[in-house]
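Structure data follow from query_37.cif (mmCIF, C-alpha atoms):
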data_work
loop_
_atom_site.label_atom_id
_atom_site.label_comp_id
_atom_site.auth_asym_id
_atom_site.auth_seq_id
_atom_site.Cartn_x
_atom_site.Cartn_y
_atom_site.Cartn_z
CA MET X 1 21.97 27.91 -0.46
CA SER X 2 24.43 25.32 -1.70
CA GLU X 3 23.12 22.04 -3.08
CA GLY X 4 24.80 20.39 -0.09
CA ALA X 5 22.75 22.38 2.42
CA ARG X 6 19.54 21.76 0.49
CA GLU X 7 20.18 18.01 0.45
CA ARG X 8 21.11 18.09 4.13
CA ILE X 9 17.85 19.84 5.04
CA LEU X 10 15.71 17.42 3.01
CA SER X 11 17.54 14.42 4.43
CA ALA X 12 17.04 15.86 7.93
CA CYS X 13 13.34 16.37 7.18
CA THR X 14 12.78 12.70 6.26
CA ALA X 15 14.87 11.57 9.26
CA VAL X 16 12.76 13.68 11.67
CA ILE X 17 9.46 12.36 10.23
CA ALA X 18 10.79 8.78 10.21
CA ARG X 19 11.74 9.09 13.89
CA ASN X 20 8.67 10.76 15.37
CA GLY X 21 5.95 10.73 12.75
CA LEU X 22 4.21 13.79 11.35
CA ALA X 23 2.18 14.57 14.48
CA GLY X 24 5.24 15.88 16.35
CA PHE X 25 6.91 17.40 13.27
CA ARG X 26 8.62 20.80 13.87
CA MET X 27 10.62 22.90 11.38
CA SER X 28 12.99 23.71 14.27
CA ASP X 29 13.81 20.00 14.71
CA VAL X 30 14.70 19.80 11.01
CA ALA X 31 16.99 22.84 11.27
CA ARG X 32 18.74 21.38 14.33
CA GLU X 33 19.13 17.95 12.66
CA ALA X 34 20.57 19.57 9.52
CA GLY X 35 22.80 21.91 11.50
CA VAL X 36 21.49 25.06 9.77
CA SER X 37 19.75 28.23 10.95
CA ILE X 38 15.95 27.91 11.23
CA GLY X 39 15.69 31.03 9.02
CA LEU X 40 17.07 29.10 6.04
CA LEU X 41 14.04 26.79 5.85
CA PRO X 42 11.20 29.24 5.11
CA TYR X 43 13.55 31.28 2.93
CA HIS X 44 14.27 28.35 0.62
CA PHE X 45 11.26 26.06 0.92
CA GLY X 46 8.46 28.51 1.78
CA ASP X 47 6.18 27.14 4.47
CA ARG X 48 5.89 23.72 6.15
CA ASP X 49 3.92 22.40 3.14
CA GLY X 50 6.67 23.50 0.75
CA LEU X 51 9.30 21.68 2.79
CA LEU X 52 7.19 18.50 2.95
CA GLN X 53 6.54 18.60 -0.82
CA ALA X 54 10.26 19.03 -1.49
CA ALA X 55 11.04 16.14 0.88
CA LEU X 56 8.55 13.86 -0.94
CA ASP X 57 10.03 14.80 -4.32
CA GLU X 58 13.52 14.10 -2.95
CA VAL X 59 12.48 10.57 -1.81
CA THR X 60 11.33 9.84 -5.38
CA ALA X 61 14.43 11.45 -6.91
CA SER X 62 16.81 9.52 -4.66
CA ALA X 63 15.12 6.20 -5.57
CA THR X 64 15.61 7.12 -9.24
CA ARG X 65 19.30 7.90 -8.62
CA ARG X 66 19.78 4.52 -6.89
CA ALA X 67 18.07 2.76 -9.81
CA ASP X 68 20.26 4.64 -12.33
CA ALA X 69 23.33 3.40 -10.45
CA VAL X 70 22.38 -0.29 -10.77
CA PRO X 71 24.96 -1.90 -13.07
CA HIS X 72 23.88 -3.86 -16.16
CA ALA X 73 20.32 -2.46 -16.12
CA HIS X 74 20.44 -1.73 -19.84
CA THR X 75 17.00 -2.96 -20.99
CA PRO X 76 13.69 -1.21 -20.17
CA ALA X 77 12.59 -4.30 -18.16
CA ALA X 78 15.80 -4.27 -16.11
CA ARG X 79 15.49 -0.51 -15.51
CA LEU X 80 11.83 -0.97 -14.48
CA GLU X 81 12.82 -3.68 -12.00
CA ALA X 82 15.67 -1.53 -10.66
CA LEU X 83 13.43 1.51 -10.21
CA LEU X 84 10.70 -0.40 -8.32
CA CYS X 85 13.19 -2.39 -6.21
CA SER X 86 15.16 0.75 -5.30
CA GLU X 87 12.33 1.68 -2.91
CA PHE X 88 13.50 -1.07 -0.52
CA GLY X 89 16.80 -1.58 1.24
CA GLU X 90 18.37 -1.83 4.65
CA GLU X 91 20.35 1.42 4.41
CA GLU X 92 19.12 4.04 6.88
CA GLY X 93 18.34 6.64 4.21
CA ILE X 94 16.10 4.28 2.23
CA ARG X 95 14.09 3.25 5.28
CA ALA X 96 13.76 6.87 6.45
CA GLY X 97 12.55 7.99 3.02
CA SER X 98 10.00 5.19 2.83
CA THR X 99 8.81 5.87 6.38
CA ALA X 100 8.36 9.58 5.66
CA TRP X 101 6.47 8.86 2.44
CA ASN X 102 4.26 6.33 4.26
CA GLU X 103 3.54 8.83 7.04
CA LEU X 104 2.70 11.66 4.63
CA ARG X 105 0.38 9.34 2.68
CA ALA X 106 -1.40 8.35 5.89
CA ALA X 107 -1.79 12.03 6.84
CA ALA X 108 -3.15 12.76 3.36
CA VAL X 109 -6.29 10.72 4.16
CA PHE X 110 -7.26 13.43 6.65
CA ASP X 111 -5.67 16.52 5.07
CA ARG X 112 -6.38 17.95 1.59
CA ASP X 113 -3.16 19.99 1.33
CA ARG X 114 -1.12 16.91 2.16
CA ALA X 115 -3.17 14.86 -0.33
CA ALA X 116 -2.33 17.30 -3.14
CA ALA X 117 1.40 17.04 -2.39
CA VAL X 118 1.29 13.23 -2.23
CA ALA X 119 -0.76 13.05 -5.45
CA ARG X 120 1.75 15.24 -7.31
CA SER X 121 4.80 13.23 -6.24
CA THR X 122 2.99 9.95 -6.90
CA ALA X 123 1.98 11.07 -10.41
CA ASP X 124 5.60 11.96 -11.26
CA TRP X 125 6.83 8.54 -10.12
CA GLN X 126 3.98 6.70 -11.84
CA ARG X 127 4.72 8.49 -15.13
CA ASP X 128 8.34 7.29 -15.02
CA VAL X 129 7.13 3.73 -14.32
CA ARG X 130 4.57 3.93 -17.14
CA GLU X 131 7.22 4.90 -19.69
CA LEU X 132 9.41 1.97 -18.66
CA VAL X 133 6.41 -0.42 -18.70
CA ALA X 134 5.51 0.71 -22.22
CA ALA X 135 9.11 0.21 -23.40
CA ALA X 136 9.48 -3.17 -21.63
CA ALA X 137 6.12 -4.38 -22.96
CA GLY X 138 7.15 -3.27 -26.45
CA ASP X 139 10.29 -5.39 -26.17
CA ALA X 140 8.21 -8.33 -24.91
CA ALA X 141 5.71 -7.92 -27.75
CA ARG X 142 8.47 -7.85 -30.36
CA ALA X 143 10.08 -10.96 -28.83
CA ALA X 144 6.69 -12.70 -28.72
CA ALA X 145 5.94 -11.81 -32.33
CA ALA X 146 9.36 -13.12 -33.39
CA ALA X 147 8.63 -16.36 -31.51
CA GLY X 148 5.11 -16.56 -32.98
CA ASP X 149 3.52 -16.22 -29.51
CA ALA X 150 0.51 -13.92 -30.02
CA ALA X 151 -0.83 -14.15 -26.46
CA ALA X 152 2.32 -12.75 -24.87
CA GLY X 153 1.93 -9.66 -27.06
CA SER X 154 -0.94 -8.55 -24.83
CA ALA X 155 1.68 -7.43 -22.30
CA ALA X 156 2.00 -4.31 -24.44
CA ALA X 157 -1.58 -3.29 -23.61
CA GLY X 158 -2.43 -0.97 -20.74
CA ALA X 159 0.92 0.52 -19.69
CA ALA X 160 -0.98 3.10 -17.59
CA ASP X 161 -2.98 0.34 -15.85
CA ARG X 162 0.19 -1.64 -15.15
CA ALA X 163 1.99 1.46 -13.84
CA LEU X 164 -0.84 2.14 -11.37
CA ALA X 165 -0.81 -1.47 -10.15
CA LEU X 166 3.00 -1.69 -9.89
CA THR X 167 3.42 1.57 -7.98
CA ALA X 168 0.49 0.67 -5.68
CA LEU X 169 2.11 -2.75 -5.15
CA VAL X 170 5.36 -1.05 -4.09
CA GLU X 171 3.45 1.18 -1.65
CA GLY X 172 1.62 -1.84 -0.18
CA LEU X 173 4.87 -3.80 0.15
CA SER X 174 6.48 -0.74 1.80
CA GLY X 175 3.79 -0.85 4.49
CA ARG X 176 4.53 -4.55 5.11
CA TRP X 177 8.26 -3.89 5.23
CA LEU X 178 8.10 -0.87 7.54
CA THR X 179 5.85 -2.76 9.99
CA GLY X 180 8.30 -5.69 10.10
CA GLN X 181 6.04 -8.20 8.32
CA ILE X 182 8.51 -8.80 5.48
CA THR X 183 12.16 -7.93 4.79
CA ALA X 184 13.37 -5.53 2.11
CA ALA X 185 14.68 -8.55 0.16
CA GLU X 186 11.25 -10.22 0.32
CA ALA X 187 9.60 -7.04 -0.93
CA GLN X 188 12.03 -6.92 -3.86
CA ALA X 189 11.43 -10.62 -4.60
CA SER X 190 7.68 -9.95 -4.69
CA VAL X 191 8.17 -7.09 -7.17
CA ARG X 192 10.34 -9.32 -9.38
CA ALA X 193 7.89 -12.25 -9.27
CA THR X 194 5.01 -9.93 -10.17
CA LEU X 195 6.93 -8.37 -13.07
CA ALA X 196 7.74 -11.88 -14.34
CA GLY X 197 4.10 -12.97 -13.92
CA LEU X 198 2.92 -9.94 -15.91
CA GLY X 199 5.39 -10.60 -18.73
CA LEU X 200 7.44 -7.49 -17.92
CA ALA X 201 10.75 -9.16 -17.03
CA ASP X 202 13.71 -10.00 -19.23
CA ALA X 203 14.27 -13.70 -19.84
CA ALA X 204 17.64 -13.36 -18.04
CA PRO X 205 17.81 -13.36 -14.21
CA GLY X 206 17.22 -10.05 -12.36
CA THR X 207 19.97 -7.49 -12.28
CA THR X 208 19.33 -5.65 -9.01
CA PRO X 209 21.17 -6.67 -5.86
CA GLY X 210 19.05 -8.50 -3.28
CA GLY X 211 17.98 -6.25 -0.38
CA MET Q 1 -23.38 -8.71 25.27
CA SER Q 2 -25.59 -9.36 22.28
CA GLU Q 3 -23.99 -9.80 18.86
CA GLY Q 4 -25.80 -6.58 17.90
CA ALA Q 5 -24.05 -4.55 20.60
CA ARG Q 6 -20.66 -6.08 19.72
CA GLU Q 7 -21.10 -5.21 16.06
CA ARG Q 8 -22.31 -1.71 16.97
CA ILE Q 9 -19.22 -1.08 19.12
CA LEU Q 10 -16.81 -2.32 16.43
CA SER Q 11 -18.58 -0.29 13.77
CA ALA Q 12 -18.41 2.76 16.06
CA CYS Q 13 -14.69 2.11 16.62
CA THR Q 14 -13.87 2.17 12.90
CA ALA Q 15 -16.11 5.23 12.41
CA VAL Q 16 -14.29 7.15 15.18
CA ILE Q 17 -10.84 6.28 13.79
CA ALA Q 18 -11.97 7.09 10.23
CA ARG Q 19 -13.20 10.52 11.36
CA ASN Q 20 -10.35 11.69 13.58
CA GLY Q 21 -7.44 9.32 13.08
CA LEU Q 22 -5.78 7.30 15.81
CA ALA Q 23 -4.01 10.25 17.48
CA GLY Q 24 -7.27 11.53 18.99
CA PHE Q 25 -8.79 8.10 19.60
CA ARG Q 26 -10.72 7.72 22.90
CA MET Q 27 -12.64 4.67 24.18
CA SER Q 28 -15.27 7.12 25.49
CA ASP Q 29 -15.91 8.44 21.96
CA VAL Q 30 -16.51 4.86 20.78
CA ALA Q 31 -18.99 4.20 23.61
CA ARG Q 32 -20.85 7.45 22.86
CA GLU Q 33 -20.94 6.69 19.10
CA ALA Q 34 -22.24 3.15 19.78
CA GLY Q 35 -24.74 4.35 22.39
CA VAL Q 36 -23.47 1.98 25.08
CA SER Q 37 -22.00 2.40 28.55
CA ILE Q 38 -18.22 2.98 28.60
CA GLY Q 39 -17.99 0.07 31.09
CA LEU Q 40 -19.03 -2.42 28.39
CA LEU Q 41 -15.88 -1.83 26.33
CA PRO Q 42 -13.11 -3.00 28.71
CA TYR Q 43 -15.38 -5.77 29.98
CA HIS Q 44 -15.78 -7.31 26.53
CA PHE Q 45 -12.68 -6.26 24.60
CA GLY Q 46 -10.12 -5.91 27.38
CA ASP Q 47 -7.97 -2.82 26.88
CA ARG Q 48 -7.61 -0.33 24.04
CA ASP Q 49 -5.36 -2.78 22.14
CA GLY Q 50 -7.98 -5.53 22.42
CA LEU Q 51 -10.64 -3.25 20.97
CA LEU Q 52 -8.38 -2.18 18.10
CA GLN Q 53 -7.46 -5.81 17.30
CA ALA Q 54 -11.15 -6.77 17.28
CA ALA Q 55 -11.94 -3.80 15.04
CA LEU Q 56 -9.21 -4.85 12.56
CA ASP Q 57 -10.49 -8.43 12.53
CA GLU Q 58 -14.02 -7.13 11.92
CA VAL Q 59 -12.88 -5.09 8.89
CA THR Q 60 -11.43 -8.28 7.38
CA ALA Q 61 -14.52 -10.33 8.32
CA SER Q 62 -16.94 -7.81 6.85
CA ALA Q 63 -15.01 -7.77 3.54
CA THR Q 64 -15.28 -11.58 3.48
CA ARG Q 65 -19.05 -11.37 4.12
CA ARG Q 66 -19.47 -8.88 1.26
CA ALA Q 67 -17.46 -11.18 -1.02
CA ASP Q 68 -19.56 -14.21 0.00
CA ALA Q 69 -22.69 -12.24 -0.94
CA VAL Q 70 -21.51 -11.58 -4.51
CA PRO Q 71 -23.83 -13.55 -6.83
CA HIS Q 72 -22.40 -15.99 -9.39
CA ALA Q 73 -18.94 -16.09 -7.77
CA HIS Q 74 -18.83 -19.88 -8.00
CA THR Q 75 -15.27 -20.50 -9.22
CA PRO Q 76 -12.13 -19.95 -7.10
CA ALA Q 77 -11.00 -17.20 -9.51
CA ALA Q 78 -14.35 -15.39 -9.21
CA ARG Q 79 -14.28 -15.70 -5.41
CA LEU Q 80 -10.70 -14.40 -5.34
CA GLU Q 81 -11.71 -11.39 -7.43
CA ALA Q 82 -14.77 -10.79 -5.22
CA LEU Q 83 -12.72 -10.98 -2.01
CA LEU Q 84 -10.04 -8.54 -3.20
CA CYS Q 85 -12.56 -6.13 -4.78
CA SER Q 86 -14.77 -6.14 -1.66
CA GLU Q 87 -12.17 -3.91 0.03
CA PHE Q 88 -13.34 -0.98 -2.14
CA GLY Q 89 -16.73 0.66 -2.42
CA GLU Q 90 -18.54 3.95 -1.96
CA GLU Q 91 -20.66 2.79 1.01
CA GLU Q 92 -19.75 4.59 4.23
CA GLY Q 93 -18.92 1.39 6.14
CA ILE Q 94 -16.42 0.19 3.53
CA ARG Q 95 -14.58 3.51 3.43
CA ALA Q 96 -14.53 3.76 7.24
CA GLY Q 97 -13.17 0.23 7.57
CA SER Q 98 -10.45 0.89 4.99
CA THR Q 99 -9.54 4.22 6.61
CA ALA Q 100 -9.26 2.62 10.06
CA TRP Q 101 -7.10 -0.19 8.68
CA ASN Q 102 -4.89 2.31 6.85
CA GLU Q 103 -4.51 4.42 10.02
CA LEU Q 104 -3.65 1.41 12.21
CA ARG Q 105 -1.08 0.24 9.65
CA ALA Q 106 0.51 3.69 9.62
CA ALA Q 107 0.64 3.71 13.44
CA ALA Q 108 2.19 0.24 13.39
CA VAL Q 109 5.37 1.69 11.83
CA PHE Q 110 6.03 3.47 15.14
CA ASP Q 111 4.37 1.08 17.64
CA ARG Q 112 5.26 -2.59 18.22
CA ASP Q 113 1.93 -3.53 19.87
CA ARG Q 114 0.04 -2.06 16.96
CA ALA Q 115 2.37 -3.84 14.52
CA ALA Q 116 1.59 -7.22 16.12
CA ALA Q 117 -2.16 -6.65 15.77
CA VAL Q 118 -1.85 -5.53 12.15
CA ALA Q 119 0.43 -8.49 11.34
CA ARG Q 120 -2.06 -10.98 12.81
CA SER Q 121 -5.06 -9.60 10.91
CA THR Q 122 -3.02 -9.32 7.72
CA ALA Q 123 -1.84 -12.94 8.02
CA ASP Q 124 -5.44 -14.20 8.38
CA TRP Q 125 -6.54 -12.30 5.29
CA GLN Q 126 -3.48 -13.34 3.29
CA ARG Q 127 -4.06 -17.01 4.16
CA ASP Q 128 -7.63 -16.80 2.76
CA VAL Q 129 -6.28 -15.18 -0.40
CA ARG Q 130 -3.53 -17.79 -0.72
CA GLU Q 131 -6.05 -20.66 -0.61
CA LEU Q 132 -8.15 -19.04 -3.34
CA VAL Q 133 -5.04 -18.33 -5.45
CA ALA Q 134 -3.95 -21.97 -5.17
CA ALA Q 135 -7.42 -23.18 -6.19
CA ALA Q 136 -7.74 -20.65 -9.02
CA ALA Q 137 -4.23 -21.45 -10.27
CA GLY Q 138 -5.09 -25.18 -10.15
CA ASP Q 139 -8.11 -24.54 -12.36
CA ALA Q 140 -5.98 -22.46 -14.74
CA ALA Q 141 -3.30 -25.16 -14.86
CA ARG Q 142 -5.89 -27.86 -15.64
CA ALA Q 143 -7.44 -25.69 -18.38
CA ALA Q 144 -3.99 -24.95 -19.80
CA ALA Q 145 -3.06 -28.64 -19.78
CA ALA Q 146 -6.34 -29.51 -21.53
CA ALA Q 147 -5.58 -26.84 -24.14
CA GLY Q 148 -1.98 -28.00 -24.48
CA ASP Q 149 -0.65 -24.65 -23.20
CA ALA Q 150 2.29 -25.51 -20.93
CA ALA Q 151 3.36 -21.92 -20.18
CA ALA Q 152 0.01 -20.93 -18.61
CA GLY Q 153 0.43 -23.80 -16.17
CA SER Q 154 3.11 -21.77 -14.39
CA ALA Q 155 0.28 -19.74 -12.82
CA ALA Q 156 -0.02 -22.61 -10.33
CA ALA Q 157 3.43 -21.83 -8.92
CA GLY Q 158 3.92 -19.66 -5.88
CA ALA Q 159 0.45 -19.21 -4.37
CA ALA Q 160 2.05 -17.72 -1.25
CA ASP Q 161 4.07 -15.25 -3.35
CA ARG Q 162 0.99 -14.26 -5.31
CA ALA Q 163 -1.07 -13.85 -2.12
CA LEU Q 164 1.53 -11.47 -0.68
CA ALA Q 165 1.61 -9.39 -3.86
CA LEU Q 166 -2.18 -9.30 -4.28
CA THR Q 167 -2.91 -8.29 -0.68
CA ALA Q 168 -0.12 -5.68 -0.78
CA LEU Q 169 -1.57 -4.40 -4.07
CA VAL Q 170 -4.98 -3.98 -2.41
CA GLU Q 171 -3.38 -2.06 0.48
CA GLY Q 172 -1.50 0.19 -1.93
CA LEU Q 173 -4.65 0.83 -3.98
CA SER Q 174 -6.54 1.58 -0.75
CA GLY Q 175 -4.05 4.34 0.00
CA ARG Q 176 -4.62 5.84 -3.47
CA TRP Q 177 -8.39 5.57 -3.08
CA LEU Q 178 -8.55 7.06 0.43
CA THR Q 179 -6.39 10.03 -0.63
CA GLY Q 180 -8.66 10.73 -3.62
CA GLN Q 181 -6.14 9.77 -6.31
CA ILE Q 182 -8.37 7.03 -7.77
CA THR Q 183 -12.02 5.94 -7.35
CA ALA Q 184 -13.16 2.67 -5.79
CA ALA Q 185 -14.16 1.48 -9.27
CA GLU Q 186 -10.66 2.25 -10.61
CA ALA Q 187 -9.10 0.33 -7.72
CA GLN Q 188 -11.30 -2.67 -8.50
CA ALA Q 189 -10.45 -2.43 -12.21
CA SER Q 190 -6.75 -2.46 -11.33
CA VAL Q 191 -7.23 -5.60 -9.20
CA ARG Q 192 -9.10 -7.33 -12.06
CA ALA Q 193 -6.52 -6.34 -14.68
CA THR Q 194 -3.71 -7.63 -12.46
CA LEU Q 195 -5.50 -10.94 -11.80
CA ALA Q 196 -6.03 -11.34 -15.55
CA GLY Q 197 -2.38 -10.45 -16.25
CA LEU Q 198 -1.23 -13.08 -13.73
CA GLY Q 199 -3.45 -15.77 -15.23
CA LEU Q 200 -5.71 -15.88 -12.16
CA ALA Q 201 -8.98 -14.77 -13.80
CA ASP Q 202 -11.74 -16.86 -15.38
CA ALA Q 203 -12.00 -16.59 -19.15
CA ALA Q 204 -15.52 -15.11 -18.67
CA PRO Q 205 -15.97 -11.40 -17.77
CA GLY Q 206 -15.69 -10.42 -14.08
CA THR Q 207 -18.58 -11.18 -11.75
CA THR Q 208 -18.29 -8.44 -9.14
CA PRO Q 209 -20.31 -5.25 -9.48
CA GLY Q 210 -18.28 -2.18 -10.54
CA GLY Q 211 -17.54 0.20 -7.64
#
As a first step, turn the structure in this file into structure tokens.
Amino acid sequence: MSEGARERILSACTAVIARNGLAGFRMSDVAREAGVSIGLLPYHFGDRDGLLQAALDEVTASATRRADAVPHAHTPAARLEALLCSEFGEEEGIRAGSTAWNELRAAAVFDRDRAAAVARSTADWQRDVRELVAAAAGDAARAAAAAGDAAAGSAAAGAADRALALTALVEGLSGRWLTGQITAAEAQASVRATLAGLGLADAAPGTTPGG
Amino acid sequence: MSEGARERILSACTAVIARNGLAGFRMSDVAREAGVSIGLLPYHFGDRDGLLQAALDEVTASATRRADAVPHAHTPAARLEALLCSEFGEEEGIRAGSTAWNELRAAAVFDRDRAAAVARSTADWQRDVRELVAAAAGDAARAAAAAGDAAAGSAAAGAADRALALTALVEGLSGRWLTGQITAAEAQASVRATLAGLGLADAAPGTTPGG
């Protein structure tokens, strides 16, 4: 299967879940949406669970690609902000990915297989965030030490704790956004304000485009 | 209807949603679980939407009651911590309430009526959090001014922004907890660490019991 067909199937999978939820999810709907033979899906993704896991991983990977494409995000703090903010946006693909992730997470409360898939994708994302937090906090600590500000150096502590809180914050904000309580731009502003409050932002203004 | 029957029906409603999700939700199951006549439900709560709205409000109210019962939570910062941490716990009622809330929020992505109910309950909760944040930040600003620490005074800024982020953080952590990725105690620790990082904690150790 070409990379194009694989991407088309995964994009179709998130679109189908985003439209109808997981309750009415059918592999045949995904094949029709992607314009491929139904036989291609089990051949390449295994069963329904394999397809859903691959779709979750693709949502995470596409957010990472969007973050990597943000211009001027050269520092760890700017890359951290770009990665977290890339989960929100008005483009159809971003909303569909977030909706599918949200729906699979909700299903995971009642379904162990789904929970394992969600936990694996979440852990991958959280590890990426943790590495950026550690690097950004290291920069902040060095800047604080240079300025003789000992207290600000504490930002370097607990990168794993911060990564859990920041990724959970993004998931909570996604729920608000998808239910129409806040806009994508407001979600991004909340992420930026929290990063600044935690001492994990560059002194310069943010570098990601607003929603 | 006695307050006892009303509470029993709302508790039964969250238990039924927590067990089977919203897809299989039936008013008759709630009546059976509560041990009341099915006729009592529409008479007192109106339709299905009225019952679900009342159940959401009760989840928020019961978290507030648990927070009010935390001993030694006399400062705004301690009350803020108690309120946010009261959303997590191993008791059956707390998990059922969180599961029902999570399920209604997930349904709200696909259903405008559900979204309006979730938005109303969320706004009530967020307003309570905002008032505590403003009071806690005021205390922190006064302490910072007394200590000659101008930077810490910035914690007073943006109580509404902080309230959005903190309530969204709790919702995100709830999703992790309900899917078995973290324990209730880990969720509470993440809330406390974030409050401390944002300058919204008392200098003394936390006052809520661990998980």
With a cut-off of 6 Å and counting all atoms listed in the file, select all residues of chain Q in contact with chain X and give the selection as an mmCIF file with C-alpha atoms, keeping the file's coordinate frame.
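Below you can see selection_21.cif, which holds the result:
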data_model
loop_
_atom_site.group_PDB
_atom_site.id
_atom_site.type_symbol
_atom_site.label_atom_id
_atom_site.label_comp_id
_atom_site.auth_asym_id
_atom_site.auth_seq_id
_atom_site.Cartn_x
_atom_site.Cartn_y
_atom_site.Cartn_z
ATOM 1 C CA ALA Q 108 2.190 0.240 13.390
ATOM 2 C CA VAL Q 109 5.370 1.690 11.830
ATOM 3 C CA ALA Q 115 2.370 -3.840 14.520
ATOM 4 C CA ALA Q 168 -0.120 -5.680 -0.780
ATOM 5 C CA LEU Q 169 -1.570 -4.400 -4.070
ATOM 6 C CA GLU Q 171 -3.380 -2.060 0.480
ATOM 7 C CA GLY Q 172 -1.500 0.190 -1.930
ATOM 8 C CA LEU Q 173 -4.650 0.830 -3.980
ATOM 9 C CA LEU Q 178 -8.550 7.060 0.430
ATOM 10 C CA THR Q 179 -6.390 10.030 -0.630
ATOM 11 C CA GLY Q 197 -2.380 -10.450 -16.250
ATOM 12 C CA LEU Q 198 -1.230 -13.080 -13.730
#
message: What would the selection look like, as a VMD selection string, if the PyMOL selection byres ((chain Q and resi 80) around 12) were run on the coordinates I just shared?
response: chain Q and resid 63 to 64 67 to 68 70 73 to 79 81 to 87 125 to 137 162 to 163 166 to 167 191 to 192 195 to 196 200 to 202 206 to 208
message: So, with all atoms listed in the file as the atoms that count, which of X:Cys13, X:Arg95, X:Thr183, X:Ala146 lies closest to Gly50 of chain X?
response: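 Distance minimum relative to Gly50 of chain X lands on X:Cys13.
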Distance in Å - atom CA of Trp101 of chain Q versus atom CA of Asp113 of chain Q: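 Spanning atom CA of Trp101 of chain Q to atom CA of Asp113 of chain Q is a straight-line distance of 14.8 Å.
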task: Rank nothing, just name the residue among Q:Ala117, Q:Leu22, Q:Ala184, Q:Ser28 nearest to Ala54 of chain Q, using all atoms listed in the file.
output: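 That would be Q:Ala117, the residue with the smallest distance to Ala54 of chain Q.
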query: Using the chain letters and numbers from the file, which residues does the PyMOL selection byres ((chain X and resi 51) around 12) grab, as a VMD selection string?
result: chain X and resid 6 to 7 9 to 14 17 25 to 27 30 to 31 40 to 50 52 to 58 114 117
task: Kindly give the distance, in Å, that separates atom CA of Ala100 of chain Q and atom CA of Val36 of chain Q, rounded to a single decimal.
output: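 For atom CA of Ala100 of chain Q relative to atom CA of Val36 of chain Q, the distance reads 20.7 Å.
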- prompt: At what distance in Å, to one decimal, does atom CA of Ala34 of chain Q lie from atom CA of Ala5 of chain Q?
  reply: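 The value is 8.0 Å.
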- request: May I ask which of the residues X:Val59, X:Gly39, X:Glu33, X:Ala140 is the closest one to Ala96 of chain X, counting only C-alpha atoms?
  value: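 Nearest to Ala96 of chain X: X:Val59.
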